[in-house]
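A.B. asks: Please find one structure pasted underneath; my questions will follow.
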Amino acid sequence: MLIEEAFSVDAPRAEVVRFLLDVPRMGACVPGVEDLHRVDDARYEATLVVRVGPIQARFRGDVSIDATGAPDTIVASASGRDSTTGSVAQVRFFADLVESEDGSTEIRSASDVTIRGRLGQFGSGVVASTAREMVKTFAQCAGQEIGGVAPSASRSSNTQGIAPVVARGVLSWLREIWSRIFRRRGQVRSRDE
Amino acid sequence: MSSNSQLTLSVNGNHVTVEVPADEALVHTLRDRLGLRSVRPTCGLGICGTCTVQLDGVVVSSCLLLTVQVSGRSIRTSEGLTNDDGSLSRVQQAFVDNGAYQCAYCIPGMVMTVEACFAESPNASVEEVREYLAGNLCRCGTYVSILEAVTELVKGERE
Amino acid sequence: MTTSADTLVRRARVLGVSLPMPDAADRVVGTLEYTVDHSVEGMVHARLVRSPYPHARIIDVDVSGALAEDGVLRVVTGADIETAVEIPNPFFGLTRRDQAPLAIGKVRYVGDPVALVVAETPQTARAGAESVLVDYDELAYVVDPKDALVPDAPVLHDEWPGNECGEWRLDRGDVDGAMSNATHLFEATYTSPMANAVPFEPHVAIAVWVDDFLEVWTATQWPSAVRGELAHMFDIDPGKVQVRVFPLGGGYGAKSQLKIEPVVAAAARMMGRPVRLELDRDEVFLTTGKHPARMNIRTAVDAEGRFIAREIDLLYNGGAYAVVTPKAVAQGLLRSIGPYRFPNIRIRSRGVYTNTIPSGSFRGAMTNQAAFAYESHADEIAAGLGIDPYELRERNLLEDGDLFASGQVMHDIHFRELLQDVAKVIGWGKERASPAGKAIGKGLAVIIKTTPPGTRSEVRVEVHADGQVLVHTNSVDMGQGVLGTLAQLTAHHLGVDIEKVRVRDPDSSTFDSMTAGSRTTFVADHAIGEACESIRRQAAEIVAGRSYGSDPGTTPDYEEIMREASITALIGEGVYQSTPSDALSNPLDVKGEVADHWHQGAVAVEVAVDVETGKVEILRCHGAAWAGRVVNPIRARQQSEGSIIFGMGPALFEEVIFVDGQVSNPNLSDYMIPSIVDVPINLTSSSLESPDPDADIHGVGEMTIPAVAPAIANAIARATGARVRDLPMTAERVLRAILGEPE
Amino acid sequence: MTRFVEPRDLQEACAILADDEWGNKVISGGTALVLMMRQGLIAPSTLVSIGRIDDLDGIRKDDSRITIGARTTHTAIAASAEVQRWLPSLADACSRVGNVRVRNVGTLGGNLAEADYAADPPTVLVGLDALCHVIGPHGARVLPVADLATGFYTTSLGPGEIITGVSVLIDEHRVSVYEKYVSRSSEDRPCVGVSATARYDGTSLDQLNVVVGAAVAVPRRFDEVTASALGGTLDETARRDIAAAIGEAIDPIEDARGSAWYRRKVTAVLVKRALERVSR
């Protein structure tokens, strides 16, 4: 599922980059993040708590940031496993940063969210809507943190039949980028308490 | 893992005592502990009807009930519909006579439901029984023969 | 001795009579034993750990957490199986041995089994499976078969570059020449997604080893295939493998080939204990499905509406493992032609590997997908030419003596009778006025299905001294009532009372290629006939001077003969071996004898479409199957009508949906099947018979299902003018077609 | 370890629930809760049964209101002469929930507390301005059913709070209908559900509530759209305009039952059909 969210912040691009690379600060804007701590320069461990009604999933896993494209683009990837629902979540986040003449920065983000396992089979529409809400909340929080404006547009789409052709194109392009950047192992390994 | 509870049920007229974990569904108690084969978990969601039993006379999905919820209550399964002399009930006999079975995995649940429908409304029409059966699925597609059995029963009721 | 008059009366009674199944009461009460009810002394319980990724390398499987669970006995992984000395051949498969009981090296679809946890109880096995941690390295994956064919697509199996999973071609006449001179050309593409057969009894198996002997209790339609592959896997004589089958709680193709038997047998072998595995509903969805297909058709037609040439391009999604796909796409080719004459025809049928559930048999396999295409196309041509669809079919239908596209001369062809039957019942040509907001229309479809040559069935018939007759076959009862039907045939051929005949559940003592493809009744009639004839001959030899051949006028008193001769049993064996053909010897040039005989069916429907929501209601439906002779009318009827009902689901709403390579609806809430109120009250069928008392008995298990979807599509088009070319024809698709809104 | 407890009074039940907001769950009929447990989505530590608590069952009518106990099953509501007489749209919606087995066990309180978007009764209850009666560790309170569900499977109930019942004002001048649409099998859950409730002063429309459920996370009312029709006669033009405006205004969920595009179309059709049934 691809969730696109574009928003402007009243801050120069360098400051936006600083925010996005400051994982603890950025992570505080992701609803449900707990226990965020650093492993090395590019990698952090965290728990993401997602609640859908009576269901509470605690995805334990890690977050990686790739800043080689900065300040034009920031790419991040997170994945985690929840033992209660036997599910695996993956988020691949891509942000294009465009500085305007007035000094503000537009953040065009695309998040590719995949939930595998039992939660992924539980009402795909519900999970998609929940993920979309989370991205929107993040955008609002990020806007406020950096000192900016509310999001301007958002859109989500499934990768199945109902997705617009253009979104599918974006998705495969994004996945290709990720497969190049994050060719690494151990996506779902995370010890449970 | 769950802590076990000891409880008593009336199953097909017999009082039985079982010790079950709190999260055990009735379908498993009936099938795995009491050996009642006619009660079958298929979808596990209350949709298909192959685990249909009567709880105090009304049909329920035994996959959506915890055994601890029905402590002290009366349960009837398809095995308990046959007459004391072992002969088939009227509804069961109509199913046999009309060839209303194929693989038959769903049929005991169908019979339970038809029995309950007639118990609730003895003068139910074929159309009413059909609506009542909407939640009992048959993948072999025996619906036509089942309706023939129902038609025979409805006619018999009116005679 | 029985008089000839008595015999004739009895024989008239036993064939063509709606006898109940021998176990009818047990079926209705629920006391019938299925495999799922069976248990074996000392057995332990297993649970599979499955891949959450569509394509990934297995780096490590950490089983320590699972083994720490109280009651977990063992965790078996792919690596264990690869190195186990007891399992010399860890790969199995009936067409390509490309599948291991547990994934070795990498996983190829979401749901691919990675490990098996064996424990004292099912609950403990489940808990243990949750604790197995697998470390994966994700690989690029491919779900759409078209994407799997592009040059740098991810490759599933290194041995099969380009994801090739079978390619077959047929070329007859001069297609290009005919196309270039044609008055009219029509072209369209039709698609069918994966559907699940949803047998209510899940896949379940118990394996027991005693020394080198393996006994497997399994809910399978193909006991002989299971036996052969397991014997190969463990490198033991097939005689040491016994496959036991109870009546199935539904099969519909989903229990064909091998499914969970290899992993259960392997674990039992490695542990030295009987192992049982029963799948959950979502796992049944992950185990097999109907081949998704895309079929493009181009047809050249002359001014009178006669088909001059056709070109077909068929692409089948085989999923992650071959199972039967490389051969099935050959049947897919033959079954894409339809019941029409084509002087010029060219077909390419391909199978391709993708990172999805392995496709396998499905009721109406490889015919449903094609018939939806060619029968929809027939109506599109009729509409384009302004010819009545019935009339267009009349002008092109194959007849006795015609050449099939492969060049085979056709016999026993009855399409016209079938078409007439369904058209008459539905009231073809008499249109009803549509009420406000609804559009009412009728549709027709006729289908043909090849029966593959070269299959084999063995039976053994034993007449015991007490007059009881025991029949051994490897035919599986899956609700079609085959054991009763075979008893009727045996009683008929021997000339004895049906009450004396008992047909045993399959136990591998005889060979049968499969219980599938609607072939059993046809082939068993031949094999049983041969076995019974042998018994009659033996009886005649004992009572010298008499003739007890196949003449129905003379039936021996077997009991008396055995008593006089002091023997305890008369045993006859019969084999049906259909003539092998070399039609499929060159995949790129299919030609010659492609079918033993021809399955033929037709369906007509009347639908009402809600033009504001696109919802389709089926008002009336009639199906017809060519039966030749009917052994048991109620069973034949239930096959035709059950087939129609089964077909309504994939026609209107059933679809296994993949999101990010994983199935998003593997349960009966999100994947719906037809209920009793989805089915029209007015649903009927005909089993057409030949006046010839010796006519071939045709199976009727799948004669109507392939015609259901196209008949509905054609009725929708006639009602609304909107053509839906993709299955399922959901209300949304129909509304989009009506409004001209693309997806 | 799942525990099953059956307190005899509500105070005790509330106290146990408040102990562990996430781990302890109320169980009534259990159709929804057991389903989620069996799917491996939740593993409650304590199941708090309200099966042995008095006064949660049954349907009572007084001069102005009908009150339905939380533990009343859908079957009982659909079969109630009082509900059929005074709240026919609720009887209709309850008679179409799931299948006969689910209706025999599933309760109205459970239905509301689950806050499943693909449900029938809430859409009707919101249109009828029904009130939800709740009890918690800090006493009882009443809130509109419209304010109960806040998102997918999420309610505004606080820790330890339990629904005890629902009440609806009786109004002889009100006409209310429910339109349910399933896009696949007859056994499917609703793709869209629409309730329309109208009140007339003579022939002039006095009050009109249109509520759309199942296509959105929580039942949504469209007072801003229907306001324009008040005082009029709800003629064909008015009905068409309202239907079109609601179809435009709604932001539907997408799932196997239909895309957002489709649900918009169907919503407009259902609103039109519901309005036809309540127009004079």
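In the structure tokens, each chain is lettered A, B, ... as it comes, each chain's residues begin at 1, and ligands are numbered from 1 in order of appearance.
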Quick one: residues within 7 Å of range 144-155 of chain B, only C-alpha atoms, excluding same-chain residues fewer than 4 positions away - as a PyMOL selection string?

C.D. replies: chain B and resi 94-95+98-100+125-126+159

A.B. asks: Within 6 Å of chain D, which residues of chain B show up when using only C-alpha atoms, listed as a list in words?

C.D. replies: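 Putting it all together, I get Met1, Ser2, Ser3, Ala22, Leu45, Val59, Val60, Ser61, Leu64 and Gly135 of chain B.
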
A.B. asks: Generate a file of the selected residues that holds C-alpha atoms, formatted as a compact mmCIF listing (two decimals), in the first residue's frame.

C.D. replies:
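That gives us selection.txt:
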# COMPACT_ATOMS: atom_id res chain seq x y z
CA MET B 1 -2.52 -21.07 27.81
CA SER B 2 -5.57 -20.75 29.96
CA SER B 3 -6.56 -21.78 33.41
CA ALA B 22 -11.31 -20.57 29.28
CA LEU B 45 -16.03 -17.42 11.82
CA VAL B 59 -29.18 -22.70 16.69
CA VAL B 60 -25.76 -21.26 17.38
CA SER B 61 -22.27 -21.50 15.91
CA LEU B 64 -18.06 -18.61 18.26
CA GLY B 135 -26.15 -19.04 6.80

A.B. asks: Do a neighbour search on range 8-16 of chain A at 6 Å with only C-alpha atoms, toss out local chain neighbours closer than 5 positions, and write the hits as a list of chain:residue names.

C.D. replies: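 Contacts, in chain order: A:Glu99, A:Gly103, A:Ser104, A:Thr105, A:Glu106, A:Ile107, A:Gly143, A:Gly147, A:Gly148, A:Val149.
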
A.B. asks: Generate a file of the selected residues that holds all heavy atoms, formatted as a PDB file, in the first residue's frame.

C.D. replies:
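Saved the output as out-v4.pdb:
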ATOM      1  N   GLU A  99      12.833  23.152  -1.941  1.00  0.00           N
ATOM      2  CA  GLU A  99      12.859  24.453  -1.271  1.00  0.00           C
ATOM      3  C   GLU A  99      12.240  25.505  -2.179  1.00  0.00           C
ATOM      4  O   GLU A  99      12.517  25.547  -3.374  1.00  0.00           O
ATOM      5  CB  GLU A  99      14.302  24.838  -0.932  1.00  0.00           C
ATOM      6  CG  GLU A  99      14.397  25.892   0.148  1.00  0.00           C
ATOM      7  CD  GLU A  99      15.829  25.990   0.698  1.00  0.00           C
ATOM      8  OE1 GLU A  99      16.760  26.101  -0.133  1.00  0.00           O
ATOM      9  OE2 GLU A  99      15.997  25.935   1.921  1.00  0.00           O
ATOM     10  N   GLY A 103      11.495  30.515   1.115  1.00  0.00           N
ATOM     11  CA  GLY A 103      12.215  29.957   2.256  1.00  0.00           C
ATOM     12  C   GLY A 103      11.533  28.759   2.889  1.00  0.00           C
ATOM     13  O   GLY A 103      12.093  28.115   3.766  1.00  0.00           O
ATOM     14  N   SER A 104      10.318  28.447   2.445  1.00  0.00           N
ATOM     15  CA  SER A 104       9.665  27.261   2.989  1.00  0.00           C
ATOM     16  C   SER A 104      10.116  26.023   2.201  1.00  0.00           C
ATOM     17  O   SER A 104      10.703  26.143   1.119  1.00  0.00           O
ATOM     18  CB  SER A 104       8.145  27.412   2.936  1.00  0.00           C
ATOM     19  OG  SER A 104       7.727  27.354   1.599  1.00  0.00           O
ATOM     20  N   THR A 105       9.803  24.866   2.758  1.00  0.00           N
ATOM     21  CA  THR A 105      10.199  23.628   2.091  1.00  0.00           C
ATOM     22  C   THR A 105       8.974  22.732   1.923  1.00  0.00           C
ATOM     23  O   THR A 105       8.186  22.558   2.868  1.00  0.00           O
ATOM     24  CB  THR A 105      11.252  22.868   2.922  1.00  0.00           C
ATOM     25  OG1 THR A 105      12.329  23.762   3.187  1.00  0.00           O
ATOM     26  CG2 THR A 105      11.748  21.625   2.210  1.00  0.00           C
ATOM     27  N   GLU A 106       8.849  22.227   0.723  1.00  0.00           N
ATOM     28  CA  GLU A 106       7.763  21.267   0.516  1.00  0.00           C
ATOM     29  C   GLU A 106       8.333  19.855   0.650  1.00  0.00           C
ATOM     30  O   GLU A 106       9.375  19.531   0.063  1.00  0.00           O
ATOM     31  CB  GLU A 106       7.102  21.433  -0.853  1.00  0.00           C
ATOM     32  CG  GLU A 106       5.779  20.694  -0.882  1.00  0.00           C
ATOM     33  CD  GLU A 106       5.176  20.547  -2.280  1.00  0.00           C
ATOM     34  OE1 GLU A 106       5.822  20.935  -3.272  1.00  0.00           O
ATOM     35  OE2 GLU A 106       4.062  20.020  -2.358  1.00  0.00           O
ATOM     36  N   ILE A 107       7.651  19.038   1.463  1.00  0.00           N
ATOM     37  CA  ILE A 107       8.076  17.653   1.653  1.00  0.00           C
ATOM     38  C   ILE A 107       7.061  16.775   0.917  1.00  0.00           C
ATOM     39  O   ILE A 107       5.900  16.732   1.277  1.00  0.00           O
ATOM     40  CB  ILE A 107       8.105  17.290   3.145  1.00  0.00           C
ATOM     41  CG1 ILE A 107       9.075  18.224   3.876  1.00  0.00           C
ATOM     42  CG2 ILE A 107       8.479  15.829   3.354  1.00  0.00           C
ATOM     43  CD1 ILE A 107       8.927  18.215   5.368  1.00  0.00           C
ATOM     44  N   GLY A 143       5.342  18.902  10.779  1.00  0.00           N
ATOM     45  CA  GLY A 143       5.121  20.295  10.393  1.00  0.00           C
ATOM     46  C   GLY A 143       5.241  21.205  11.596  1.00  0.00           C
ATOM     47  O   GLY A 143       5.902  22.250  11.546  1.00  0.00           O
ATOM     48  N   GLY A 147       8.133  23.767  12.602  1.00  0.00           N
ATOM     49  CA  GLY A 147       7.593  25.118  12.634  1.00  0.00           C
ATOM     50  C   GLY A 147       6.934  25.479  11.331  1.00  0.00           C
ATOM     51  O   GLY A 147       7.317  26.438  10.661  1.00  0.00           O
ATOM     52  N   GLY A 148       5.978  24.701  10.929  1.00  0.00           N
ATOM     53  CA  GLY A 148       5.415  24.963   9.617  1.00  0.00           C
ATOM     54  C   GLY A 148       3.911  24.857   9.522  1.00  0.00           C
ATOM     55  O   GLY A 148       3.190  25.140  10.470  1.00  0.00           O
ATOM     56  N   VAL A 149       3.461  24.460   8.391  1.00  0.00           N
ATOM     57  CA  VAL A 149       2.067  24.513   7.995  1.00  0.00           C
ATOM     58  C   VAL A 149       1.480  23.093   7.938  1.00  0.00           C
ATOM     59  O   VAL A 149       2.217  22.118   7.864  1.00  0.00           O
ATOM     60  CB  VAL A 149       1.944  25.208   6.614  1.00  0.00           C
ATOM     61  CG1 VAL A 149       0.565  25.794   6.442  1.00  0.00           C
ATOM     62  CG2 VAL A 149       3.008  26.282   6.471  1.00  0.00           C
TER      63      VAL A 149
END

A.B. asks: Counting only C-alpha atoms, which residues of chain D sit at most 6 Å from some atom of chain A, and what is each one's closest atom pair with its distance in Å to one decimal, listed by chain and rising residue number, as JSON lines?

C.D. replies:
{"residue": "D:Gly40", "atom": "CA", "partner": "A:Thr85", "partner_atom": "CA", "distance": 5.7}
{"residue": "D:Leu41", "atom": "CA", "partner": "A:Thr85", "partner_atom": "CA", "distance": 4.9}
{"residue": "D:Ile42", "atom": "CA", "partner": "A:Ile55", "partner_atom": "CA", "distance": 5.7}
{"residue": "D:Tyr153", "atom": "CA", "partner": "A:Gly53", "partner_atom": "CA", "distance": 4.2}
{"residue": "D:Thr154", "atom": "CA", "partner": "A:Gly53", "partner_atom": "CA", "distance": 4.5}
{"residue": "D:Glu254", "atom": "CA", "partner": "A:Gly125", "partner_atom": "CA", "distance": 5.3}
{"residue": "D:Asp255", "atom": "CA", "partner": "A:Gly125", "partner_atom": "CA", "distance": 4.8}

A.B. asks: As a PyMOL selection string, please: the residues near Asp412 in chain C (cut-off 8 Å, only C-alpha atoms, same-chain neighbours under 4 positions excluded).

C.D. replies: chain C and resi 400+597-598

A.B. asks: Write the residues you've just listed into a file as a PDB file, in the first residue's frame, and include N, CA, C and O atoms for each of them.

C.D. replies:
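Once written, again-v7.pdb looks like this:
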ATOM      1  N   ASP C 400     -20.517 -35.017 -35.440  1.00  0.00           N
ATOM      2  CA  ASP C 400     -19.888 -36.326 -35.643  1.00  0.00           C
ATOM      3  C   ASP C 400     -19.170 -36.352 -36.999  1.00  0.00           C
ATOM      4  O   ASP C 400     -19.729 -35.924 -38.001  1.00  0.00           O
ATOM      5  N   HIS C 597     -12.488 -39.480 -25.095  1.00  0.00           N
ATOM      6  CA  HIS C 597     -13.806 -39.099 -25.570  1.00  0.00           C
ATOM      7  C   HIS C 597     -14.042 -37.668 -25.134  1.00  0.00           C
ATOM      8  O   HIS C 597     -13.177 -37.057 -24.514  1.00  0.00           O
ATOM      9  N   TRP C 598     -15.203 -37.144 -25.488  1.00  0.00           N
ATOM     10  CA  TRP C 598     -15.410 -35.705 -25.337  1.00  0.00           C
ATOM     11  C   TRP C 598     -16.509 -35.430 -24.334  1.00  0.00           C
ATOM     12  O   TRP C 598     -17.633 -35.902 -24.477  1.00  0.00           O
TER      13      TRP C 598
END

A.B. asks: So how many Å separate CA of Ile673 in chain C and CA of Ser259 in chain D, to one decimal?

C.D. replies: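 Separating CA of Ile673 in chain C from CA of Ser259 in chain D is a distance of 20.1 Å.
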
A.B. asks: Counting only C-alpha atoms, which residues from chain C have an atom at most 9 Å from any atom of chain A, and could you show them as a PyMOL selection string?

C.D. replies: chain C and resi 52-53+59+110+130-131+133-140+657-660+662-667+670+743

A.B. asks: Could you give me, as JSON lines, every chain B residue with an atom at most 6 Å from chain C, plus its closest atom pair and distance in Å to one decimal, counting only C-alpha atoms, rows ordered by chain then number?

C.D. replies:
{"residue": "B:Ser38", "atom": "CA", "partner": "C:Gly30", "partner_atom": "CA", "distance": 4.1}
{"residue": "B:Thr42", "atom": "CA", "partner": "C:Phe200", "partner_atom": "CA", "distance": 5.7}
{"residue": "B:Cys43", "atom": "CA", "partner": "C:Leu668", "partner_atom": "CA", "distance": 5.9}
{"residue": "B:Ser78", "atom": "CA", "partner": "C:Val29", "partner_atom": "CA", "distance": 5.8}
{"residue": "B:Glu79", "atom": "CA", "partner": "C:Val29", "partner_atom": "CA", "distance": 5.9}
{"residue": "B:Gln102", "atom": "CA", "partner": "C:Gly479", "partner_atom": "CA", "distance": 4.1}
{"residue": "B:Cys103", "atom": "CA", "partner": "C:Gly479", "partner_atom": "CA", "distance": 3.4}
{"residue": "B:Ala104", "atom": "CA", "partner": "C:Arg27", "partner_atom": "CA", "distance": 5.5}
{"residue": "B:Tyr105", "atom": "CA", "partner": "C:Gly249", "partner_atom": "CA", "distance": 5.3}
{"residue": "B:Ile107", "atom": "CA", "partner": "C:Val28", "partner_atom": "CA", "distance": 5.7}
{"residue": "B:Pro108", "atom": "CA", "partner": "C:Gly30", "partner_atom": "CA", "distance": 5.5}
{"residue": "B:Ala134", "atom": "CA", "partner": "C:Ile676", "partner_atom": "CA", "distance": 5.5}
{"residue": "B:Leu137", "atom": "CA", "partner": "C:Ser675", "partner_atom": "CA", "distance": 5.5}
{"residue": "B:Cys140", "atom": "CA", "partner": "C:Gly642", "partner_atom": "CA", "distance": 5.5}
{"residue": "B:Gly141", "atom": "CA", "partner": "C:Gly642", "partner_atom": "CA", "distance": 4.1}
{"residue": "B:Thr142", "atom": "CA", "partner": "C:Gly642", "partner_atom": "CA", "distance": 6.0}
{"residue": "B:Tyr143", "atom": "CA", "partner": "C:Ile676", "partner_atom": "CA", "distance": 5.9}

A.B. asks: Which of range 24-101 of chain B counts as helix (DSSP H, G or I) under DSSP, as a ChimeraX atom specification please?

C.D. replies: /B:26-33,67-70,78-81,90-97

A.B. asks: Keeping C-alpha atoms, export the residues of the selection given above as a PDB file, in the first residue's frame.

C.D. replies:
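Now in out-v2.pdb:
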ATOM      1  CA  LEU B  26     -17.499 -25.196  22.250  1.00  0.00           C
ATOM      2  CA  VAL B  27     -16.873 -26.843  18.884  1.00  0.00           C
ATOM      3  CA  HIS B  28     -13.619 -28.306  20.188  1.00  0.00           C
ATOM      4  CA  THR B  29     -15.119 -29.498  23.447  1.00  0.00           C
ATOM      5  CA  LEU B  30     -17.903 -31.299  21.594  1.00  0.00           C
ATOM      6  CA  ARG B  31     -15.710 -32.701  18.891  1.00  0.00           C
ATOM      7  CA  ASP B  32     -12.374 -33.398  20.515  1.00  0.00           C
ATOM      8  CA  ARG B  33     -13.411 -34.174  24.103  1.00  0.00           C
ATOM      9  CA  THR B  67     -17.438 -23.589  26.441  1.00  0.00           C
ATOM     10  CA  VAL B  68     -17.198 -21.652  29.720  1.00  0.00           C
ATOM     11  CA  GLN B  69     -19.977 -19.384  28.428  1.00  0.00           C
ATOM     12  CA  VAL B  70     -22.481 -22.223  28.214  1.00  0.00           C
ATOM     13  CA  SER B  78     -27.106 -33.814  15.137  1.00  0.00           C
ATOM     14  CA  GLU B  79     -26.323 -37.148  16.815  1.00  0.00           C
ATOM     15  CA  GLY B  80     -28.915 -36.228  19.419  1.00  0.00           C
ATOM     16  CA  LEU B  81     -31.688 -35.693  16.907  1.00  0.00           C
ATOM     17  CA  ARG B  90     -38.354 -36.696  10.424  1.00  0.00           C
ATOM     18  CA  VAL B  91     -36.021 -34.040   9.037  1.00  0.00           C
ATOM     19  CA  GLN B  92     -33.072 -36.431   8.814  1.00  0.00           C
ATOM     20  CA  GLN B  93     -35.246 -38.987   7.028  1.00  0.00           C
ATOM     21  CA  ALA B  94     -36.437 -36.364   4.537  1.00  0.00           C
ATOM     22  CA  PHE B  95     -32.805 -35.529   3.748  1.00  0.00           C
ATOM     23  CA  VAL B  96     -32.023 -39.216   3.156  1.00  0.00           C
ATOM     24  CA  ASP B  97     -35.153 -39.770   1.075  1.00  0.00           C
TER      25      ASP B  97
END

A.B. asks: Excluding same-chain residues fewer than 2 positions from Asp96 in chain A, what lies within 9 Å of it counting only C-alpha atoms, as an MDAnalysis selection string?

C.D. replies: chainID A and resid 71:75 94 98 106:110

A.B. asks: Could you give me the residues within range 4-73 of chain C that DSSP places in strand (DSSP E or B), as a ChimeraX atom specification?

C.D. replies: /C:44-50,56-62,72-73

A.B. asks: Could you save the residues just selected, with C-alpha atoms, as a PDB file, in the first residue's frame?

C.D. replies:
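Full text of selection06.pdb as output:
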ATOM      1  CA  VAL C  44       1.704 -36.587  17.620  1.00  0.00           C
ATOM      2  CA  HIS C  45       0.556 -33.298  16.128  1.00  0.00           C
ATOM      3  CA  ALA C  46       2.222 -30.960  13.698  1.00  0.00           C
ATOM      4  CA  ARG C  47       1.937 -27.333  12.691  1.00  0.00           C
ATOM      5  CA  LEU C  48       3.631 -25.599   9.781  1.00  0.00           C
ATOM      6  CA  VAL C  49       5.603 -22.383   9.990  1.00  0.00           C
ATOM      7  CA  ARG C  50       5.036 -20.451   6.780  1.00  0.00           C
ATOM      8  CA  ALA C  56      13.313 -14.674   0.168  1.00  0.00           C
ATOM      9  CA  ARG C  57      16.456 -16.544   0.993  1.00  0.00           C
ATOM     10  CA  ILE C  58      16.314 -18.464   4.252  1.00  0.00           C
ATOM     11  CA  ILE C  59      19.341 -17.346   6.272  1.00  0.00           C
ATOM     12  CA  ASP C  60      18.627 -19.109   9.520  1.00  0.00           C
ATOM     13  CA  VAL C  61      15.837 -20.901  11.311  1.00  0.00           C
ATOM     14  CA  ASP C  62      16.082 -20.527  15.077  1.00  0.00           C
ATOM     15  CA  VAL C  72       7.236 -29.589  21.663  1.00  0.00           C
ATOM     16  CA  LEU C  73       9.048 -32.698  20.486  1.00  0.00           C
TER      17      LEU C  73
END

A.B. asks: Residues near Thr233 in chain D, anyone? I mean within 9 Å using only C-alpha atoms, not counting same-chain ones fewer than 6 positions away, as number ranges by chain.

C.D. replies: D: 200, 203-205, 279-280

A.B. asks: Could you name the residues that touch Ala142 in chain A at 8 Å or less, counting only C-alpha atoms, but leaving out those on the same chain fewer than 3 positions away, as an NGL selection string?

C.D. replies: :A and (26 or 29 or 138-139 or 145-146)

A.B. asks: To one decimal place in Å, what is the distance between CA of Ala84 in chain C and CA of Ala266 in chain C?

C.D. replies: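 Distance between the two atoms: 9.2 Å.
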